[in-house]
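One structure below.
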Amino acid sequence: MPFKSAIFKPMNMALFSFNTLVVFFGWLAYGLFHSLFAMPWVKRQFEPLINRLNINYRLIYVLIAIISPLPLIYFQMTHRSPEVWVNFREIRLLGGIAAGMGLALLRKAFQTYDTRLFFGLNAKNSERETFKNDGLLKHVRHPLYLATLLIFWGWFLFSNSYNNLAFCLANTLYVFIGIQLEERKLIDEFGQQYLDYKEKTPMLIPNIKSFKTS
């Protein structure tokens, strides 16, 4: 159909090009290592060094999480790839709205957490985060991941290159893997309290009824 061919460009294996595969597997590896180094058993391996140097593991973890993807971001931004479809204003507007909603949700979600503890700004490594199910956590178990997905896919709708598609696919895959790893840790830490919370609270998509009863 002429209309369809005018909007959707031929793939020409662009999704499987070298640049796109580097973006996909690079971000997937980053996410997996990010989750791996958040695991308690990994942290225990570094405890002798942490105690000897008197440093905060969480702070170092956050700094590495911020700095380590910079080469990958540079690669993704400097290696151009074709558009998945011929983009137009309405789709870009939709992407901007989705990303804006994600940013607003991210800001709201951080109000639920102890940000000093989250970013490792507390002085002690031993300080633990308490169980929380208030704020946005009453409606979804992982509001930060939901906000991240809205921002990333909104950006893709705004700038719909194959590299950005690979970026979104890799991070979406990682989100679902990361949730499983994170929830194992939370179950180990909070036990039945978290299992009960998990049973009645959606993972990512909020139940409209929960807003009516809150």
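A note on labels: chains of the structure tokens are A, B, ... as shown, every chain counts residues from 1, and ligands are counted from 1 in their shown order.
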
**Item:** Close residues, segment 156-172 of chain A itself excluded, 8 Å, only C-alpha atoms, min 2 positions apart in chain, as an MDAnalysis selection string
**Value:** chainID A and resid 14:15 19:21 23:25 27:28 31 76 80:85 87 91:96 149 152:154 174:176

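Taking only C-alpha atoms, the non-local environment of His34 of chain A within 12 Å (same-chain residues fewer than 4 positions away omitted) comprises A:Trp27, A:Leu28, A:Ala29, A:Tyr30, A:Ala38, A:Met39, A:Val42, A:Arg58, A:Tyr61, A:Val62, A:Leu63, A:Ile64, A:Ala65, A:Ile66, A:Ile67, A:Ser68, A:Pro69, A:Asn171, A:Tyr174, A:Val175, A:Ile177, A:Gly178, A:Leu181, A:Glu182.
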
Could you write those residues out with C-alpha atoms, as a CSV table (one decimal), in the first residue's frame?
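Resulting contents of part26.csv:
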```
chain,number,residue,atom,x,y,z
A,27,TRP,CA,23.0,-1.6,27.4
A,28,LEU,CA,21.8,-5.1,28.3
A,29,ALA,CA,25.2,-5.9,29.8
A,30,TYR,CA,25.3,-2.6,31.6
A,38,ALA,CA,23.6,-4.5,43.9
A,39,MET,CA,23.3,-8.1,45.1
A,42,VAL,CA,28.6,-9.4,45.7
A,58,ARG,CA,26.5,2.4,47.8
A,61,TYR,CA,28.1,1.8,43.2
A,62,VAL,CA,26.1,4.9,42.2
A,63,LEU,CA,29.2,6.7,40.8
A,64,ILE,CA,30.1,3.7,38.7
A,65,ALA,CA,26.5,3.4,37.5
A,66,ILE,CA,26.6,7.1,36.3
A,67,ILE,CA,30.1,7.1,34.8
A,68,SER,CA,30.4,3.6,33.2
A,69,PRO,CA,27.7,4.1,30.5
A,171,ASN,CA,16.5,-1.6,28.7
A,174,TYR,CA,16.7,-5.5,31.5
A,175,VAL,CA,13.8,-4.0,33.5
A,177,ILE,CA,15.1,-9.2,34.5
A,178,GLY,CA,16.1,-6.5,37.1
A,181,LEU,CA,16.5,-10.0,40.8
A,182,GLU,CA,15.5,-7.1,43.0
```

**Request:** as a PyMOL selection string, list the residues of segment 58-202 of chain A assigned to helix (DSSP H, G or I) by DSSP on the backbone atoms of this structure.
**Result:** chain A and resi 58-67+70-78+89-110+115-118+135-138+143-158+162-190+192-200

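Across the structure, atom CA of Phe33 of chain A and atom CA of Asn51 of chain A are spaced 22.6 Å apart.
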
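Across the model, the gap from atom CA of Ile73 of chain A to atom CA of Glu183 of chain A is 28.2 Å.
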
**Prompt:** Quick one: distance from atom CA of Asp188 of chain A to atom CA of Leu150 of chain A in Å, one decimal?
**Reply:** 29.2 Å

**Request:** Using only C-alpha atoms, find the one residue out of A:Ile60, A:Ala109, A:Leu173, A:Met101 that sits nearest to Ile151 of chain A.
**Result:** A:Met101
